[in-house]
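Step one of this worksheet: look at the structure below.
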Amino acid sequence: MNEARRARAVGAIAGTAAVLACALVVSAATGAIPISLRSTLDALAAGLEGRAEGLQGAGAIVWNLRLPRVLMAALVGASLGSSGAAMQGLFRNPLADPYLLGVAGGAAFGATVAMSLGGHLPGGAAPGIDAGGAPGSVPIFAFLGAVGAVLAVLAVSRGGGRSRTGSLLLAGVVVSTVLISLTECLMLRDADRMRAVFSFTLGNLALSSWADLARALPFAATGMAILYALARGLDALALGDDTARTLGVNARVLRGGVIVGASLATAAAVASVGAIGFVGLVAPHVMRRLGPPRHRVLLPASALGGAVLLVLADLGARTVIRPAELPVGVVTTLAGGPFFLWLLRRES
Amino acid sequence: MTAALSAEDVRFSYGERAVLGGVTLAVRPGEVVALIGPNGAGKTTLLKTLAGLLTPRTGHVHVVPPRSRTVAYLAQSEDLPAEWTVREVVELGRLPHVGFWRALAPMDVDAVKRAMARTAVEDLATRLVNALSGGERQRVALARALAQEPRVLLLDEPATHLDLRHQVDLFAALHDEAARGTAVVAVMHDLAFAAQADRCVLLGAGTVRADGPPAEALRPDLLGEVYETSIELLHTTDGRIVPTATRSR
């Protein structure tokens, strides 16, 4: 890499990281009760020093309620951003997104099953249902559903004369459609819980706690680490399957690894907060413009970019119709859709 | 001299359709071999089999392992990622040497520099691929392959999209590579250029119909039969042969 490209890479990553840090603090300070930046930073410092127990009033709100929420937004955004970048590299298609292989449909189905079974499950499903949150068994089922959907896609796509990526795409569409139909059947059977399921499919960060964050982090981090480890393989793939293979890249291992990594990170995200659209599509596109396209740079940059996008979207969701809240998925779709169209027009 | 690459009785079929019907071929270091034959004769299939991209139904292809360091392959029209710089693309050629993790060592950087110098793309190093002409792209793709420092260079119609001057330059570059000890095998459509190779392998319907120096392998009667058209050989004053097609049979 020459100096100018290196400088751009460092600039893109450092710049986005700085924007993320600011967005996190501003977002934690903003809400139904405005809290000064100074108090917010004090609460952050206290929490980081292990004095969170002693926090009261504004400090407690920042540390116990807002911080887990904005950090969850960052984690989910990072998972979706890097998974999106990896899927776009794997399928060599700029329109690929993390939900391509049925993760969202599987998670929605799993969540619906958990909600339908309701009280019959350990942990129950009752307390947060009306608020549309993901309590008790719901995230676990959503995660299992997401992973199950990807496994189903892999099984369905096996064999057939079509190219491996082509049949993966087709299988992804079929499995997603089937799962959405099944979800709708369950929802009709149990009209009371429709609202909760519907809210889950729109994406919601409102109820994220430190415990939720701790549960999602290992999966999201492992998934992103796997993707990062495969970055050069994705680079080689940009030269075409054949050339990548003659460069010693084992296409099957690479494809399998990327699918596992992206699915782990995405499933952790979807299980925690529902299927949030457009972040995984838009973040890599934006970061590709800011920094060099090598995946060693693009993947972490897209993770940071996705985190910024979702933290800002969540901030918007909480403030636009204050004191009420919009589902964050609605904000990302309403803002992301037109933005993405604009991006595509500018490219052509 | 021992062969840099050899194929023994290689057979290959796509489903029921046999494409290669027992090809035996050995390529020595320093040799430029032109792989010629009409459309559908199995040239690309043979090249992909030699490159390890296709597994022969029977028979073997021998190269010094690991294959990714020994054999470089240039596809018919290689995809080059638009937003990359030329140097970034050429550096990918070092992947078999550095793996997924190790950074480029000074040795790797040198190999990249040499490959770019030999293909005259040094001045383009920081240019983006989507700002290149067809001829420049082809040279960049070749530089990527040379950066692998292969013992065997396999090229599928490398002269596609090149004008005459760049074709001449390309074949000169291939002969330079051979002079450094690399075995070069190139699928060629232009028999006039094939006639300047060290050796021509004529493929017809999946079998080797002729294999030898151009003067021996390029016989008008045999070429006419395999290509199903009348072919004449013109002899230039400096001793080159130029096959030309006259009319369909």
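To be explicit about the labels: the chains of the structure tokens are called A, B, and onward in the order shown, and within each one the residues are counted from 1, while ligands get numbers from 1 in the order they are shown.
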
Env of A:Val173: 9 Å cut, atoms = only C-alpha atoms, seq-sep filter 4 positions within chain, self excluded. Answer as a VMD selection string. chain A and resid 100 to 102 153 168 to 169 177 to 178

With C-alpha atoms kept, could you save the residues just selected as a JSON list (two decimals), in the first residue's frame?
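That gives us out_11.json:
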```json
[["chain", "number", "residue", "atom", "x", "y", "z"],
["A", 100, "LEU", "CA", -29.37, -12.59, 2.37],
["A", 101, "LEU", "CA", -29.16, -16.13, 3.72],
["A", 102, "GLY", "CA", -32.35, -16.06, 5.80],
["A", 153, "VAL", "CA", -30.18, -22.51, 3.24],
["A", 168, "LEU", "CA", -27.04, -20.01, -2.18],
["A", 169, "LEU", "CA", -28.86, -16.85, -3.22],
["A", 177, "THR", "CA", -40.12, -16.70, 2.11],
["A", 178, "VAL", "CA", -41.15, -19.98, 3.70]]
```

Write down, as an MDAnalysis selection string, each residue of chain A that has any atom within 8 Å of an atom of chain B, counting only C-alpha atoms. chainID A and resid 1:2 229:233 235:236 238:240 242:243 245:248 292:294

What is the distance between atom CA of B:Ser6 and atom CA of B:Leu142, in Å to one decimal? 22.6 Å

So which residues touch B:Pro213 within 10 Å, counting only C-alpha atoms, skipping near sequence neighbours fewer than 5 positions away, as a PyMOL selection string? chain B and resi 33-34+195-201+218

Would you pick out the contacts of A:Met194 at 12 Å or less, using only C-alpha atoms, so that residues sharing its chain but fewer than 4 positions from it are not included, and give the list as a PyMOL selection string? chain A and resi 108+111-113+115-116+129-130+132+183-190+198-201

Polymer residues at most 8 Å from B:Leu155, only C-alpha atoms, same-chain spacing of 2 or more positions, as number ranges by chain: B: 47, 73-76, 153, 157-158, 184-187

Limited to C-alpha atoms, could you put the picked residues into a file as a PDB file, in the first residue's frame?
```pdb
ATOM      1  CA  LEU B  47      -5.564 -24.989 -19.407  1.00  0.00           C
ATOM      2  CA  TYR B  73      -3.046 -18.590 -14.160  1.00  0.00           C
ATOM      3  CA  LEU B  74      -4.476 -15.724 -16.143  1.00  0.00           C
ATOM      4  CA  ALA B  75      -8.147 -16.192 -17.050  1.00  0.00           C
ATOM      5  CA  GLN B  76      -9.579 -15.165 -20.400  1.00  0.00           C
ATOM      6  CA  LEU B 153       2.631 -19.361 -16.378  1.00  0.00           C
ATOM      7  CA  GLU B 157      -6.030 -15.881 -24.782  1.00  0.00           C
ATOM      8  CA  PRO B 158      -3.910 -13.135 -23.247  1.00  0.00           C
ATOM      9  CA  VAL B 184       4.798 -20.471 -20.491  1.00  0.00           C
ATOM     10  CA  VAL B 185       1.646 -22.049 -21.900  1.00  0.00           C
ATOM     11  CA  ALA B 186      -0.742 -19.700 -23.712  1.00  0.00           C
ATOM     12  CA  VAL B 187      -4.003 -20.397 -25.486  1.00  0.00           C
TER      13      VAL B 187
END
```

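Separating atom CA of A:Asp97 from atom CA of A:Leu264 is a distance of 14.2 Å.
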
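If only C-alpha atoms are the atoms counted, then among B:His189, B:Arg102, B:Lys43, B:Arg151 the closest residue to B:Ala4 is B:Arg151.
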
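Take atom CA of A:Ser83 and atom CA of A:Leu334: the distance between them is 21.2 Å.
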
Find the residues around B:Asp176 up to 10 Å (only C-alpha atoms counted), leave out those fewer than 4 positions away in its own chain, and share them as a VMD selection string. chain B and resid 30 32 118 170 to 172 180 to 182

Would you mind exporting the chosen residues as a PDB file, in the first residue's frame, restricted to N, CA and C atoms?
```
ATOM      1  N   GLY B  30      11.498 -22.578 -19.399  1.00  0.00           N
ATOM      2  CA  GLY B  30      12.070 -21.734 -20.431  1.00  0.00           C
ATOM      3  C   GLY B  30      11.432 -21.879 -21.794  1.00  0.00           C
ATOM      4  N   VAL B  32       8.132 -21.488 -24.439  1.00  0.00           N
ATOM      5  CA  VAL B  32       6.833 -20.856 -24.687  1.00  0.00           C
ATOM      6  C   VAL B  32       6.017 -21.792 -25.573  1.00  0.00           C
ATOM      7  N   ARG B 118       8.461  -5.252 -15.439  1.00  0.00           N
ATOM      8  CA  ARG B 118       8.490  -6.092 -16.638  1.00  0.00           C
ATOM      9  C   ARG B 118       7.256  -5.916 -17.509  1.00  0.00           C
ATOM     10  N   LEU B 170       3.199  -7.896 -25.596  1.00  0.00           N
ATOM     11  CA  LEU B 170       2.830  -8.980 -24.690  1.00  0.00           C
ATOM     12  C   LEU B 170       3.649 -10.234 -24.990  1.00  0.00           C
ATOM     13  N   PHE B 171       3.726 -10.590 -26.292  1.00  0.00           N
ATOM     14  CA  PHE B 171       4.452 -11.815 -26.612  1.00  0.00           C
ATOM     15  C   PHE B 171       5.942 -11.648 -26.327  1.00  0.00           C
ATOM     16  N   ALA B 172       6.446 -10.431 -26.513  1.00  0.00           N
ATOM     17  CA  ALA B 172       7.840 -10.181 -26.140  1.00  0.00           C
ATOM     18  C   ALA B 172       8.018 -10.410 -24.634  1.00  0.00           C
ATOM     19  N   ARG B 180      13.823 -16.303 -18.478  1.00  0.00           N
ATOM     20  CA  ARG B 180      14.191 -16.385 -17.055  1.00  0.00           C
ATOM     21  C   ARG B 180      13.938 -17.780 -16.492  1.00  0.00           C
ATOM     22  N   GLY B 181      13.473 -18.692 -17.356  1.00  0.00           N
ATOM     23  CA  GLY B 181      13.302 -20.067 -16.899  1.00  0.00           C
ATOM     24  C   GLY B 181      11.870 -20.465 -16.607  1.00  0.00           C
ATOM     25  N   THR B 182      10.948 -19.556 -16.862  1.00  0.00           N
ATOM     26  CA  THR B 182       9.546 -19.890 -16.623  1.00  0.00           C
ATOM     27  C   THR B 182       9.004 -20.694 -17.805  1.00  0.00           C
TER      28      THR B 182
END
```

Report as a CSV table (one decimal) with C-alpha atoms, in the first residue's frame all protein, DNA and RNA residues lying within 8 Å of A:Ser272, evaluated on only C-alpha atoms, omitting residues in the same chain fewer than 2 positions from it.
```
chain,number,residue,atom,x,y,z
A,134,ALA,CA,-37.2,-9.4,23.6
A,139,PRO,CA,-33.6,-13.9,22.1
A,208,SER,CA,-31.5,-3.5,26.0
A,212,ASP,CA,-28.4,-8.4,26.9
A,216,ALA,CA,-24.7,-10.8,22.5
A,268,ALA,CA,-26.5,-12.2,17.7
A,269,ALA,CA,-27.7,-8.7,16.5
A,270,VAL,CA,-31.1,-9.8,15.3
A,274,GLY,CA,-34.8,-7.6,15.8
```

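Nearest residue to B:Asp211, choosing from B:Thr2, B:Val23, B:Asp238, B:Arg17 and counting only C-alpha atoms: B:Val23.
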
Write out as a PyMOL selection string the set of residues from stretch 86-281 of chain A that DSSP, computed on the backbone, places in alpha helix (DSSP H). chain A and resi 86-90+103-117+138-157+164-189+194-202+210-229+231-237+241-246+251-273+279-281

For the selection just defined, write its residues with C-alpha atoms to a file, as a short mmCIF file (atom, residue, chain, number, x, y, z; two decimals), in the first residue's frame.
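As a result, part.cif now contains:
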```cif
data_model
loop_
_atom_site.label_atom_id
_atom_site.label_comp_id
_atom_site.auth_asym_id
_atom_site.auth_seq_id
_atom_site.Cartn_x
_atom_site.Cartn_y
_atom_site.Cartn_z
CA ALA A 86 -18.20 -9.50 4.01
CA MET A 87 -21.34 -10.69 2.22
CA GLN A 88 -20.85 -8.09 -0.51
CA GLY A 89 -17.30 -9.35 -0.94
CA LEU A 90 -18.30 -13.01 -0.88
CA VAL A 103 -30.99 -14.82 9.14
CA ALA A 104 -33.76 -12.23 9.60
CA GLY A 105 -36.58 -14.59 8.60
CA GLY A 106 -35.21 -17.32 10.87
CA ALA A 107 -34.88 -14.95 13.82
CA ALA A 108 -38.42 -13.62 13.36
CA PHE A 109 -39.71 -17.17 13.20
CA GLY A 110 -37.79 -18.21 16.30
CA ALA A 111 -39.02 -15.15 18.19
CA THR A 112 -42.61 -15.85 17.14
CA VAL A 113 -42.39 -19.44 18.29
CA ALA A 114 -41.06 -18.29 21.68
CA MET A 115 -43.83 -15.71 22.03
CA SER A 116 -46.52 -18.17 20.96
CA LEU A 117 -45.38 -20.73 23.47
CA VAL A 138 -37.22 -14.82 22.93
CA PRO A 139 -33.61 -13.89 22.07
CA ILE A 140 -32.49 -17.48 22.52
CA PHE A 141 -35.16 -18.74 20.16
CA ALA A 142 -34.47 -15.93 17.73
CA PHE A 143 -30.78 -16.86 17.70
CA LEU A 144 -31.58 -20.55 17.16
CA GLY A 145 -34.02 -19.61 14.39
CA ALA A 146 -31.42 -17.44 12.66
CA VAL A 147 -28.74 -20.12 12.79
CA GLY A 148 -31.27 -22.79 11.77
CA ALA A 149 -32.32 -20.74 8.75
CA VAL A 150 -28.73 -20.44 7.52
CA LEU A 151 -28.19 -24.18 7.98
CA ALA A 152 -31.40 -24.81 6.01
CA VAL A 153 -30.18 -22.51 3.24
CA LEU A 154 -26.85 -24.38 3.11
CA ALA A 155 -28.64 -27.75 2.98
CA VAL A 156 -31.11 -26.65 0.28
CA SER A 157 -28.38 -25.11 -1.88
CA ARG A 164 -22.50 -22.36 -5.56
CA THR A 165 -23.14 -18.67 -4.95
CA GLY A 166 -26.10 -18.66 -7.33
CA SER A 167 -27.80 -21.57 -5.59
CA LEU A 168 -27.04 -20.01 -2.18
CA LEU A 169 -28.86 -16.85 -3.22
CA LEU A 170 -31.86 -18.81 -4.51
CA ALA A 171 -31.99 -20.98 -1.40
CA GLY A 172 -31.80 -17.83 0.76
CA VAL A 173 -34.82 -16.34 -0.98
CA VAL A 174 -36.83 -19.58 -0.76
CA VAL A 175 -36.06 -20.30 2.90
CA SER A 176 -36.76 -16.67 3.88
CA THR A 177 -40.12 -16.70 2.11
CA VAL A 178 -41.15 -19.98 3.70
CA LEU A 179 -40.14 -18.75 7.17
CA ILE A 180 -42.04 -15.47 6.73
CA SER A 181 -45.17 -17.45 5.75
CA LEU A 182 -44.79 -19.71 8.77
CA THR A 183 -44.32 -16.67 11.00
CA GLU A 184 -47.48 -15.11 9.60
CA CYS A 185 -49.42 -18.34 10.22
CA LEU A 186 -48.31 -18.34 13.85
CA MET A 187 -49.16 -14.67 14.19
CA LEU A 188 -52.70 -15.23 12.88
CA ARG A 189 -53.23 -18.10 15.30
CA MET A 194 -49.05 -10.12 16.78
CA ARG A 195 -48.11 -6.67 17.95
CA ALA A 196 -45.12 -7.95 19.84
CA VAL A 197 -43.86 -10.01 16.92
CA PHE A 198 -44.48 -7.15 14.54
CA SER A 199 -42.55 -4.81 16.79
CA PHE A 200 -39.70 -7.34 16.94
CA THR A 201 -39.48 -7.52 13.16
CA LEU A 202 -39.21 -3.71 13.00
CA TRP A 210 -26.17 -4.80 30.33
CA ALA A 211 -27.18 -8.47 30.52
CA ASP A 212 -28.43 -8.43 26.91
CA LEU A 213 -25.20 -6.79 25.85
CA ALA A 214 -23.14 -9.41 27.69
CA ARG A 215 -25.13 -12.17 26.02
CA ALA A 216 -24.75 -10.80 22.48
CA LEU A 217 -21.12 -9.68 22.70
CA PRO A 218 -19.32 -13.06 22.56
CA PHE A 219 -21.23 -14.17 19.45
CA ALA A 220 -20.93 -10.82 17.69
CA ALA A 221 -17.22 -10.51 18.53
CA THR A 222 -16.43 -14.08 17.44
CA GLY A 223 -18.31 -13.57 14.17
CA MET A 224 -16.49 -10.33 13.40
CA ALA A 225 -13.12 -11.84 14.34
CA ILE A 226 -13.71 -14.74 11.92
CA LEU A 227 -14.54 -12.30 9.13
CA TYR A 228 -11.42 -10.24 9.84
CA ALA A 229 -9.25 -13.35 9.75
CA ALA A 231 -10.10 -10.56 4.91
CA ARG A 232 -7.33 -11.39 2.40
CA GLY A 233 -9.33 -14.30 1.03
CA LEU A 234 -12.16 -11.88 0.29
CA ASP A 235 -9.62 -9.60 -1.42
CA ALA A 236 -8.49 -12.45 -3.67
CA LEU A 237 -12.11 -13.29 -4.46
CA ASP A 241 -13.27 -17.47 -8.18
CA ASP A 242 -10.77 -19.10 -10.53
CA THR A 243 -7.99 -16.62 -9.92
CA ALA A 244 -8.58 -16.77 -6.16
CA ARG A 245 -8.23 -20.54 -6.29
CA THR A 246 -4.99 -20.41 -8.26
CA ALA A 251 -13.04 -21.33 -1.96
CA ARG A 252 -15.09 -23.76 0.13
CA VAL A 253 -13.30 -22.95 3.35
CA LEU A 254 -13.50 -19.23 2.65
CA ARG A 255 -17.20 -19.34 1.79
CA GLY A 256 -17.97 -21.51 4.80
CA GLY A 257 -15.97 -19.26 7.11
CA VAL A 258 -17.58 -16.06 5.87
CA ILE A 259 -21.07 -17.56 6.17
CA VAL A 260 -20.37 -18.76 9.71
CA GLY A 261 -18.80 -15.46 10.77
CA ALA A 262 -21.45 -13.22 9.21
CA SER A 263 -24.29 -15.42 10.43
CA LEU A 264 -22.98 -15.51 14.01
CA ALA A 265 -22.63 -11.74 14.17
CA THR A 266 -25.94 -11.07 12.43
CA ALA A 267 -27.84 -13.67 14.43
CA ALA A 268 -26.52 -12.16 17.67
CA ALA A 269 -27.69 -8.74 16.47
CA VAL A 270 -31.12 -9.85 15.26
CA ALA A 271 -31.76 -11.96 18.33
CA SER A 272 -31.03 -8.99 20.57
CA VAL A 273 -32.94 -6.22 18.85
CA VAL A 279 -27.34 -0.63 8.04
CA GLY A 280 -25.57 -3.69 6.60
CA LEU A 281 -26.15 -2.42 3.09
#
```
